[in-house]
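Listing of data-v7.cif, mmCIF, C-alpha atoms
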```cif
data_model
loop_
_atom_site.label_atom_id
_atom_site.label_comp_id
_atom_site.auth_asym_id
_atom_site.auth_seq_id
_atom_site.Cartn_x
_atom_site.Cartn_y
_atom_site.Cartn_z
CA MET A 1 7.41 15.05 14.26
CA PRO A 2 4.76 13.65 11.97
CA THR A 3 1.28 15.07 11.79
CA THR A 4 -1.57 12.60 12.03
CA PRO A 5 -5.20 13.22 12.93
CA LEU A 6 -4.86 11.37 16.24
CA LEU A 7 -1.61 13.10 17.25
CA ASP A 8 -3.19 16.44 16.39
CA ALA A 9 -6.24 15.55 18.50
CA ILE A 10 -4.02 14.59 21.44
CA ARG A 11 -2.04 17.82 21.19
CA ALA A 12 -5.27 19.82 21.06
CA ASN A 13 -6.78 18.24 24.17
CA PRO A 14 -5.16 18.88 27.57
CA ALA A 15 -6.96 15.94 29.27
CA ALA A 16 -5.69 13.49 26.65
CA LEU A 17 -2.22 15.03 26.50
CA ASP A 18 -1.87 14.94 30.30
CA PHE A 19 -3.09 11.34 30.73
CA LEU A 20 -0.95 10.04 27.91
CA ALA A 21 2.08 11.88 29.31
CA TRP A 22 1.42 10.26 32.70
CA PRO A 23 0.61 7.51 33.43
CA GLY A 24 0.74 6.59 29.73
CA ASP A 25 4.39 7.72 29.53
CA LEU A 26 3.88 8.88 25.94
CA SER A 27 5.41 12.28 25.27
CA LEU A 28 4.90 13.96 21.93
CA ASP A 29 8.05 16.02 22.50
CA HIS A 30 10.74 15.12 20.01
CA TYR A 31 14.30 14.16 20.76
CA PRO A 32 16.45 11.46 19.17
CA HIS A 33 16.48 7.83 20.25
CA VAL A 34 19.53 6.87 22.34
CA GLU A 35 21.24 5.44 19.24
CA GLU A 36 20.66 5.21 15.51
CA VAL A 37 18.36 2.30 14.71
CA VAL A 38 16.94 0.68 11.58
CA LEU A 39 14.55 -2.14 10.83
CA ALA A 40 16.23 -5.34 9.59
CA SER A 41 13.66 -5.41 6.77
CA GLY A 42 14.84 -2.02 5.50
CA GLU A 43 11.36 -0.52 5.95
CA ALA A 44 11.02 3.07 7.06
CA LEU A 45 11.11 3.86 10.78
CA GLU A 46 9.48 7.11 11.89
CA PRO A 47 9.76 8.33 15.51
CA VAL A 48 6.44 9.69 16.80
CA ALA A 49 6.79 9.86 20.58
CA LYS A 50 9.11 9.27 23.51
CA ASP A 51 8.83 8.02 27.06
CA GLY A 52 10.43 9.40 30.18
CA ALA A 53 13.20 6.78 30.29
CA GLY A 54 14.62 7.43 26.82
CA GLY A 55 12.48 4.95 24.90
CA THR A 56 10.98 5.78 21.53
CA PHE A 57 7.71 4.90 19.79
CA PHE A 58 8.15 4.44 16.03
CA LEU A 59 5.72 3.97 13.15
CA CYS A 60 7.00 1.24 10.82
CA GLY A 61 6.81 1.27 7.04
CA GLU A 62 5.08 3.77 4.79
CA GLY A 63 1.66 5.31 5.24
CA GLY A 64 -0.32 7.05 7.95
CA GLU A 65 -1.22 6.39 11.54
CA GLU A 66 -2.41 2.82 10.88
CA ARG A 67 1.15 1.50 10.54
CA PRO A 68 2.58 -0.89 13.15
CA VAL A 69 3.93 0.90 16.24
CA LEU A 70 7.25 -0.38 17.55
CA TYR A 71 8.57 0.65 20.96
CA ALA A 72 12.31 0.61 21.64
CA ASP A 73 13.58 1.15 25.16
CA SER A 74 16.93 2.70 26.03
CA GLU A 75 18.35 -0.64 27.21
CA GLY A 76 18.23 -2.57 23.93
CA GLY A 77 14.72 -4.03 24.10
CA ALA A 78 11.95 -3.59 21.54
CA ALA A 79 8.45 -4.80 20.72
CA VAL A 80 5.66 -4.08 18.30
CA LEU A 81 2.88 -2.82 20.59
CA ALA A 82 0.03 -2.02 18.24
CA VAL A 83 -1.15 -1.82 14.68
CA GLY A 84 -1.73 1.89 14.38
CA LEU A 85 -1.67 4.85 16.71
CA PRO A 86 -5.35 4.45 17.69
CA GLU A 87 -4.63 0.91 18.93
CA LEU A 88 -1.55 2.14 20.83
CA VAL A 89 -3.56 4.88 22.55
CA ARG A 90 -6.31 2.40 23.48
CA LEU A 91 -3.61 0.15 25.01
CA LEU A 92 -2.19 3.07 27.00
CA LEU A 93 -5.67 4.01 28.19
CA ALA A 94 -6.44 0.45 29.32
CA VAL A 95 -3.02 -0.63 30.61
CA PRO A 96 -0.68 2.36 30.94
CA TRP A 97 1.56 0.16 33.11
CA TRP A 98 2.09 -2.41 30.32
CA ARG A 99 5.86 -2.37 31.03
CA ASP A 100 5.06 -3.83 34.48
CA CYS A 101 3.42 -6.83 32.79
CA PRO A 102 6.29 -8.82 31.23
CA ARG A 103 4.14 -11.97 31.02
CA LEU A 104 1.15 -9.88 29.85
CA THR A 105 -1.18 -11.25 32.52
CA VAL A 106 -4.25 -9.69 34.10
CA GLU A 107 -2.75 -10.46 37.51
CA GLU A 108 0.37 -8.41 36.76
CA SER A 109 -1.83 -5.58 35.54
CA ALA A 110 -4.02 -5.65 38.65
CA GLU A 111 -0.95 -5.48 40.88
CA ALA A 112 0.50 -2.55 38.90
CA ALA A 113 -2.88 -0.79 38.84
CA ASP A 114 -3.09 -0.96 42.63
CA GLU A 115 0.29 0.75 42.91
CA TYR A 116 -0.67 3.50 40.46
CA LEU A 117 -4.04 4.05 42.15
CA GLU A 118 -2.37 4.51 45.53
CA ASP A 119 -0.66 7.61 44.16
CA GLU A 120 -3.43 8.71 41.80
CA PRO A 121 -6.88 7.69 43.03
CA GLY A 122 -8.56 9.70 40.23
CA LEU A 123 -6.66 7.86 37.52
CA TYR A 124 -9.67 6.08 36.01
CA ALA A 125 -11.70 9.31 35.85
CA GLU A 126 -8.77 11.01 34.10
CA ARG A 127 -8.47 8.06 31.70
CA ASP A 128 -12.18 8.18 30.90
CA ALA A 129 -11.99 11.93 30.22
CA ALA A 130 -9.02 11.41 27.90
CA ALA A 131 -10.78 8.60 26.04
CA ALA A 132 -13.96 10.65 25.65
CA ALA A 133 -11.98 13.64 24.38
CA LEU A 134 -10.40 11.46 21.70
CA GLY A 135 -13.58 9.52 20.89
CA LEU A 136 -11.92 6.21 21.75
CA GLU A 137 -13.34 3.22 23.61
CA VAL A 138 -11.24 1.86 26.46
CA PRO A 139 -10.85 -1.89 26.03
CA GLY A 140 -10.92 -4.20 29.04
CA VAL A 141 -7.57 -5.10 30.55
CA ALA A 142 -7.76 -8.75 29.46
CA ALA A 143 -8.62 -7.77 25.88
CA ALA A 144 -5.87 -5.13 25.74
CA LEU A 145 -3.23 -7.54 27.04
CA ALA A 146 -4.41 -10.32 24.71
CA ARG A 147 -4.13 -7.96 21.74
CA LEU A 148 -0.69 -6.81 22.89
CA ARG A 149 0.42 -10.45 23.10
CA GLU A 150 -1.02 -11.16 19.64
CA VAL A 151 0.73 -8.16 18.06
CA ALA A 152 4.05 -8.38 19.92
CA LEU A 153 4.51 -12.10 19.41
CA GLY A 154 2.74 -12.40 16.04
CA LEU A 155 4.08 -9.36 14.20
CA GLY A 156 7.22 -8.83 16.26
CA PRO A 157 9.47 -11.20 14.29
CA ALA A 158 8.77 -9.18 11.11
CA TYR A 159 9.97 -5.95 12.80
CA VAL A 160 13.44 -6.65 14.14
CA LEU A 161 15.14 -3.46 15.29
CA LEU A 162 18.88 -3.16 14.74
CA ASN A 163 21.53 -0.82 16.07
CA ALA A 164 22.44 1.00 12.84
CA GLU A 165 26.16 1.19 13.61
CA GLU A 166 26.86 -2.24 15.13
CA GLY A 167 24.09 -4.24 13.49
CA GLY A 168 23.05 -5.99 16.70
CA ALA A 169 19.37 -6.78 17.15
CA TYR A 170 17.33 -5.42 20.03
CA GLU A 171 15.98 -8.09 22.40
CA PRO A 172 12.22 -8.79 22.34
CA LEU A 173 10.47 -7.25 25.35
CA PHE A 174 8.00 -10.15 25.53
CA GLN A 175 8.52 -13.90 25.22
CA ALA A 176 6.06 -16.58 24.19
#
```
Represent the structure of the file as structure tokens.
Amino acid sequence: MPTTPLLDAIRANPAALDFLAWPGDLSLDHYPHVEEVVLASGEALEPVAKDGAGGTFFLCGEGGEERPVLYADSEGGAAVLAVGLPELVRLLLAVPWWRDCPRLTVEESAEAADEYLEDEPGLYAERDAAAAALGLEVPGVAAALARLREVALGLGPAYVLLNAEEGGAYEPLFQA
């Protein structure tokens, strides 16, 4: 797994590591993606984290933690979620249930938040502790979803993920 200042900070802080593991569903444990994948552009693709359902978070291109972050699920869907790991973590802090928001609306987020809060009433306190430990601001839900829409739909077409063996493209997780 790569070493970046933010990943090191997450690993070093139990509050951040725990929140990002759940409900953020971002595990820094390493295991391969469900299949070999490449970017259609030929740019580098570096796995940095996993989720509990077999999805993988990749950094795209060359450089450090400010590269675009592409998420590929285990069912053949993919999307660019953020430009850089700090932006991804801010998204996960603000809207850890982003997968439950296929239209990227505040209403979808509010509905998902209610469900999460039923099981974990201290979720926002845990989120705030994780953000403070990492020195990150938590954006508002509307701002986080608007930025996700901008990145996924704006940058997404430049980062088409392909099955390396068959050449088929992953389906976009979000539609305009």
Write out, as a tab-separated table, each residue of segment 42-109 of chain A that has an atom at most 9 Å from segment 113-120 of chain A, together with the closest pair of atoms and their distance in Å to one decimal, counting only C-alpha atoms, rows going by chain and rising number.
```
residue	atom	partner	partner_atom	distance
A:Val95	CA	A:Ala113	CA	8.2
A:Pro96	CA	A:Ala113	CA	8.8
A:Trp97	CA	A:Ala113	CA	7.3
A:Glu108	CA	A:Ala113	CA	8.5
A:Ser109	CA	A:Ala113	CA	5.9
```
Closest of A:Ala53, A:Ala143, A:Leu20, A:Leu45 to Val69 of chain A - atom-to-atom distances counting only C-alpha atoms: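 Counting only C-alpha atoms, the residue closest to Val69 of chain A is A:Leu45.
Closest approach to Leu17 of chain A among A:Leu161, A:Gln175, A:Arg127, A:Glu65: A:Arg127, based on all atoms listed in the file.
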message: When the PyMOL selection byres ((chain A and resi 85) around 10) is applied to the structure above, which residues does it catch, written out as a PyMOL selection string?
response: chain A and resi 4-7+48+57-59+64-69+81-84+86-91
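Put simply, atom CA of Tyr170 of chain A is 29.3 Å away from atom CA of Ile10 of chain A.
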- prompt: How many Å separate atom CA of Glu36 of chain A from atom CA of Pro157 of chain A?
  reply: 19.9 Å
